[in-house]
Amino acid sequence: MPQDTLATTQDLFTNFYTFEGVVRALNGVNIVVRHGETYGLVGESGCGKSVTVRSMMRIVQAPGKIDSGSIFVFLNPEDRLKAIEIVHRSEAYMESIRGCDISMIFQEPAAALNPVLSIGEQVAESYRFHLNDRMLEETLKALEGKRGHGLQRALFRRELAAIHRRDARLQRIDNELYPLDGRDDPEARSRKAQLSRMRDRTGGTDALVQVARRFPFLRLYRRRLERTVHGHVVELLRSLGIPNPENVAERYPHELSGGMQQRIVIAIALACHPTLLIADEPTSNLDVTIQAQIVDLIKQLKKTAISSVLFITHDLGLVAETCDRVTVMYAGDVCETAAVKELFKRPLHPYTKGLLNSVPKVEQAEELAMIPGAVPNLIAPPTGCRFHPRCPSRMPICVTEKPAVVEHTADHWVACHLYPKAAGSERSDPERSGPHD
Amino acid sequence: MTENLIDIRQLKKYYPVTGGVMRRHLADVKAVDGVDLAIRKGECLGLVGESGCGKTTLGKTILRLHGATSGRIYFAQKPERIEEIETGLASGDTRVRSKARSQLRGIDLASARGRTLLAMRPRIQIVFQDPTNSLDPRMLVKDIVGEPLVAQKLVKAADLPARVQELLSIVGLTRDHLMRYPHEFSGGQRQRIAIARALATNPEFVLMDEPTSALDVSVQAQILNLLKRLQHEFHLTYLFVTHHLLVVKYISNRIAVMYLGKICELGPTPEIFDRPLHPYTRALLSAIPVPDPESKQQKIILSGDVPNPIDPPAGCRFHPRCSYAKEICRTAEPPLERVAGTERTVACHRWREI
């Protein structure tokens, strides 16, 4: 596994078991997101780009299900080769990395924000949930040297100690759990299940603290903690270029414009300094000038705050402007992956070519080229290569056989029968090999 | 100079904001605030602007889907007649004014009612943004496309099926599609049905209200090419409302840029793209994501949002976001003035300097 891989999916199949039939949304998707890059996922609606990242976050909603395949993330800062398989991880584990190590900006900011909570509370949620220990430490530091506040200090200390205890316990469980990952004998499996259960049940609250939280007057001690969190929230909003952050923190989502709402969603996603930021069509409902603001913001953040960005869009213009590497998807299949310049200069897959030609350019002289037909229904997807009914260079083999992803030139991968497998160039190194070798 | 099919003068559309127990009239949302616009016969005029700038309202007011608050819309009138009425309306003499006002009756689309309006309807049609919402899910395709013909009593009952079939074949659908419901079609096909319905009455003018924004890129190209072909074949005049600037560039001959209920720039497409004069047009054009990773275009990032149209800024409406704004921009509203030697008009105090 190369050093710089951050997240990868292997032969991912996600299906939706609907009333009308099984929608085969993902058909063996392999993507690799590297450390420090902006990675684009492009395709038309229904091509599975959103389902791919939702699978990576494990938030595919019922009736959808990840049926097979694996997703590896490499989040350990010390050991970048240590893969964590997340398809079979517990929900509790996913909760601990969602919004913390991997966070997501959703398409529709108005729907992503809770209408009955103020902006400040929604942003603070990330801090309270993932960074509770840091918040407590800071609160304690603020209390240092002050007279009185003995009870407060004691309660905060107990709370902090409980969190530390929990973390240590989780660490112990994880240390035992990871080595078991590669094994598949019955004994290991039962031990794994037992450990996962233990992990899920591990709580982080102290008995005395719980009592204190129940009592009306005692509960007030948490105000000081709230103040710390609020300070961070305002600071974060200010760093995202939101004018008058103290005021905005007290408002509700409907009082803000679409661009501002999207900034708030970005703020929530950035609260814990994620390693990977997934942006699922962050600008598709915004105006061009606001879109330019948001894209500019994400670009700046890429330089300063986040390591990698996975950018989902259907707008090839945005891809050209923001991404380093791109994957083009069609009907649940990966068509082509390449560096952005390479892809726009030398598109290989017929779908990529068609897509690039069907976008109106700034210098558009002749008639717009078009791809005939429409995106297929994924309940009964076309056999073989899913693009074959619309493909201008269709061959008999396309109807029967799904093309494998091959490396046509260095770091330019394509899945099309037009580009037959050269010897030894099958997509092997980043994807096929297991994570532990 | 070619003839104007539609001539809009000082068109206003205000939406009242009411509040309190008595539903008191508190303020107005000035969606369209005094627009002068001429649409020439046979052209495709692109109307661009951000959401909330009033472009859709303007379009729908022309169609009289919304009633206008004030202003005149002349549809297929001789320029001399329009000028005569306009000068009459502007004159200081009350008698001349009331005479001009009486002349408006039967001519002005903005105040047309009853039979006059009904007679206008088949000549102006619309294609809506989202075909999923604009087609009745409980009607068959043949009924959807045939409905305008039946409502306007344009064909005999016996000729209806043939005409509907002809319309479907014009937009690239076959007779197999006649007996189906809208949900059985893909987005692109649904939009084709909506286009067939709009063409049913042989209109002269079709309002395209973001017809491709709900569609995928590859399908969008199909629809744009279809619309272009139809315009040639049937000598249609389009008002193409969209926020997608590259689409507008591809399809339209002239572009009108709207900001907060006003037209701020108008001119032939290539000239606007080559040398935008209004600072807002510049920002808008520079904000287009260019599908070319090599391009080194400098972006102009506008600060802030579109102001509230209930209480638009005084003076030039763009001045709070404009980097060239000076004292005069804050106080005086710039008129739409013609750029000498061209067919362009621009509403900016400082376009000569920047």
# chains A, B, ... in the order shown; residues from 1 in each chain; ligands from 1
$ interface_residues --of "chain A" --to "chain B" --cutoff "9 Å" --atoms "only C-alpha atoms" --output "MDAnalysis selection string"
chainID A and resid 43:45 257 259:260 286:293 296 314:323 340:341 344:345 354:362 364:365 367:375
$ residues_around --residues "A:Ser96" --least-positions-apart "5" --cutoff "9 Å" --atoms "only C-alpha atoms" --output "ChimeraX atom specification"
/A:91,101,129-130
$ residues_around --residues "B:Lys326" --least-positions-apart "6" --cutoff "12 Å" --atoms "only C-alpha atoms" --output "compact mmCIF listing (two decimals) with N, CA and C atoms, in the first residue's frame"
# COMPACT_ATOMS: atom_id res chain seq x y z
N GLY B 315 -29.55 54.52 -4.57
CA GLY B 315 -28.59 54.73 -5.65
C GLY B 315 -28.49 53.50 -6.52
N CYS B 316 -27.28 53.19 -6.94
CA CYS B 316 -27.07 51.98 -7.74
C CYS B 316 -27.26 50.78 -6.83
N PHE B 318 -26.22 47.91 -6.94
CA PHE B 318 -25.08 47.01 -6.82
C PHE B 318 -23.99 47.62 -5.94
N HIS B 319 -24.14 48.89 -5.52
CA HIS B 319 -22.99 49.57 -4.91
C HIS B 319 -22.44 48.92 -3.64
N PRO B 320 -23.27 48.26 -2.77
CA PRO B 320 -22.65 47.68 -1.57
C PRO B 320 -21.66 46.55 -1.89
N ALA B 332 -27.28 58.39 -6.50
CA ALA B 332 -28.09 58.50 -7.71
C ALA B 332 -28.19 57.15 -8.39
N CYS B 348 -24.62 52.03 -15.41
CA CYS B 348 -23.54 52.19 -14.44
C CYS B 348 -23.01 53.61 -14.59
N HIS B 349 -22.69 54.24 -13.46
CA HIS B 349 -22.15 55.60 -13.53
C HIS B 349 -20.74 55.62 -14.09
N ARG B 350 -20.03 54.55 -13.84
CA ARG B 350 -18.59 54.61 -14.07
C ARG B 350 -18.10 53.67 -15.15
N GLU B 353 -14.94 54.56 -17.07
CA GLU B 353 -13.63 54.60 -16.41
C GLU B 353 -13.07 53.19 -16.17
$ atom_distance --atom1 "atom CA of B:Leu109" --atom2 "atom CA of B:Ala76"
10.2 Å
$ closest_residue --among "A:Thr327, A:Gln122, A:Ser103, A:Gln171" --to "A:Ile306" --atoms "only C-alpha atoms"
A:Ser103
$ residues_around --residues "B:Leu117" --least-positions-apart "4" --cutoff "10 Å" --atoms "only C-alpha atoms" --output "ChimeraX atom specification"
/B:63-64,106-113,121-122
$ write_last_selection --atoms "N, CA and C atoms" --output "short mmCIF file (atom, residue, chain, number, x, y, z; two decimals), in the first residue's frame"
data_model
loop_
_atom_site.label_atom_id
_atom_site.label_comp_id
_atom_site.auth_asym_id
_atom_site.auth_seq_id
_atom_site.Cartn_x
_atom_site.Cartn_y
_atom_site.Cartn_z
N LEU B 63 -45.86 36.87 -19.51
CA LEU B 63 -46.88 35.89 -19.90
C LEU B 63 -48.22 36.14 -19.22
N ARG B 64 -48.22 37.08 -18.30
CA ARG B 64 -49.40 37.35 -17.49
C ARG B 64 -49.78 36.15 -16.62
N GLY B 106 -56.57 46.89 -25.19
CA GLY B 106 -56.54 45.97 -26.32
C GLY B 106 -55.15 45.81 -26.93
N ILE B 107 -54.23 46.68 -26.51
CA ILE B 107 -52.88 46.60 -27.05
C ILE B 107 -51.92 46.14 -25.97
N ASP B 108 -52.07 46.74 -24.81
CA ASP B 108 -51.14 46.50 -23.71
C ASP B 108 -51.45 45.16 -23.05
N LEU B 109 -50.43 44.30 -23.05
CA LEU B 109 -50.60 42.97 -22.47
C LEU B 109 -50.66 43.03 -20.95
N ALA B 110 -50.01 44.04 -20.39
CA ALA B 110 -49.93 44.12 -18.93
C ALA B 110 -51.29 44.38 -18.31
N SER B 111 -52.18 45.08 -19.06
CA SER B 111 -53.48 45.37 -18.47
C SER B 111 -54.60 44.62 -19.21
N ALA B 112 -54.23 43.74 -20.13
CA ALA B 112 -55.25 43.01 -20.89
C ALA B 112 -56.03 42.10 -19.97
N ARG B 113 -57.31 41.96 -20.31
CA ARG B 113 -58.16 41.09 -19.50
C ARG B 113 -59.09 40.31 -20.42
N ARG B 121 -53.05 34.40 -25.47
CA ARG B 121 -52.44 33.23 -24.85
C ARG B 121 -51.76 32.25 -25.81
N PRO B 122 -52.43 31.85 -26.91
CA PRO B 122 -51.75 30.87 -27.76
C PRO B 122 -50.49 31.41 -28.41
#
$ residues_around --residues "B:Arg192" --least-positions-apart "6" --cutoff "8 Å" --atoms "only C-alpha atoms" --output "CSV table (one decimal) with N, CA and C atoms, in the first residue's frame"
chain,number,residue,atom,x,y,z
B,171,VAL,N,-40.4,16.9,-31.5
B,171,VAL,CA,-39.5,17.0,-30.3
B,171,VAL,C,-38.7,15.7,-30.2
B,172,GLY,N,-38.9,14.7,-31.1
B,172,GLY,CA,-38.1,13.5,-31.1
B,172,GLY,C,-38.7,12.4,-30.2
B,173,LEU,N,-40.0,12.4,-30.0
B,173,LEU,CA,-40.6,11.3,-29.4
B,173,LEU,C,-41.5,10.5,-30.4
B,223,ILE,N,-31.2,18.8,-25.3
B,223,ILE,CA,-32.4,19.7,-25.2
B,223,ILE,C,-32.0,21.1,-25.8
$ closest_residue --among "A:Pro376, A:Pro392, A:Pro179, A:Pro282" --to "A:Ser50" --atoms "only C-alpha atoms"
A:Pro282
$ closest_residue --among "A:Ser307, A:Thr409, A:Thr383, A:Asn377" --to "A:His35" --atoms "only C-alpha atoms"
A:Ser307
$ residues_around --residues "A:Tyr351" --least-positions-apart "2" --cutoff "9 Å" --atoms "only C-alpha atoms" --output "ChimeraX atom specification"
/A:328,330,335,347-349,353-356,371,387,390-391
$ write_last_selection --atoms "N, CA and C atoms" --output "JSON list (two decimals), in the first residue's frame"
[["chain", "number", "residue", "atom", "x", "y", "z"],
["A", 328, "VAL", "N", -14.23, 9.74, -13.01],
["A", 328, "VAL", "CA", -15.51, 9.92, -13.68],
["A", 328, "VAL", "C", -16.32, 8.66, -13.44],
["A", 330, "TYR", "N", -20.05, 6.48, -14.00],
["A", 330, "TYR", "CA", -21.26, 6.38, -14.81],
["A", 330, "TYR", "C", -22.06, 5.18, -14.35],
["A", 335, "CYS", "N", -15.41, 4.95, -14.51],
["A", 335, "CYS", "CA", -14.99, 4.92, -15.91],
["A", 335, "CYS", "C", -13.52, 5.23, -16.05],
["A", 347, "PRO", "N", -8.83, 12.62, -22.64],
["A", 347, "PRO", "CA", -9.84, 11.71, -22.11],
["A", 347, "PRO", "C", -9.82, 10.40, -22.89],
["A", 348, "LEU", "N", -9.91, 9.28, -22.19],
["A", 348, "LEU", "CA", -9.84, 7.99, -22.87],
["A", 348, "LEU", "C", -11.22, 7.35, -23.03],
["A", 349, "HIS", "N", -11.95, 7.32, -21.94],
["A", 349, "HIS", "CA", -13.23, 6.62, -21.96],
["A", 349, "HIS", "C", -14.23, 7.39, -22.84],
["A", 353, "LYS", "N", -15.25, 11.48, -22.85],
["A", 353, "LYS", "CA", -15.18, 12.32, -24.05],
["A", 353, "LYS", "C", -16.53, 12.98, -24.31],
["A", 354, "GLY", "N", -17.59, 12.15, -24.27],
["A", 354, "GLY", "CA", -18.92, 12.69, -24.53],
["A", 354, "GLY", "C", -19.30, 13.76, -23.54],
["A", 355, "LEU", "N", -18.97, 13.50, -22.27],
["A", 355, "LEU", "CA", -19.31, 14.45, -21.21],
["A", 355, "LEU", "C", -18.58, 15.77, -21.43],
["A", 356, "LEU", "N", -17.30, 15.68, -21.75],
["A", 356, "LEU", "CA", -16.52, 16.91, -21.96],
["A", 356, "LEU", "C", -17.04, 17.69, -23.15],
["A", 371, "ILE", "N", -24.54, 13.14, -26.01],
["A", 371, "ILE", "CA", -24.55, 11.69, -25.84],
["A", 371, "ILE", "C", -25.99, 11.26, -26.06],
["A", 387, "PHE", "N", -22.20, 1.45, -19.90],
["A", 387, "PHE", "CA", -22.33, 2.57, -20.83],
["A", 387, "PHE", "C", -22.63, 2.10, -22.25],
["A", 390, "ARG", "N", -25.22, 3.57, -24.91],
["A", 390, "ARG", "CA", -25.08, 4.95, -25.38],
["A", 390, "ARG", "C", -23.72, 5.20, -26.02],
["A", 391, "CYS", "N", -22.90, 4.16, -26.08],
["A", 391, "CYS", "CA", -21.50, 4.35, -26.46],
["A", 391, "CYS", "C", -21.35, 4.41, -27.99]]
$ residues_around --residues "B:Glu271" --least-positions-apart "3" --cutoff "10 Å" --atoms "only C-alpha atoms" --output "number ranges by chain"
B: 254-255, 266-268, 274-277, 342-344
$ select_by_dssp --residues "stretch 277-433 of chain A" --states "strand (DSSP E or B)" --output "PyMOL selection string"
chain A and resi 277-280+308-313+325-330+333-339+406-409+412-414+426
$ closest_residue --among "A:Ile312, A:Ile97, A:Ile294, A:Leu208" --to "A:Gly40" --atoms "only C-alpha atoms"
A:Ile312
$ atom_distance --atom1 "atom CA of B:Leu230" --atom2 "atom CA of B:Thr132"
22.0 Å
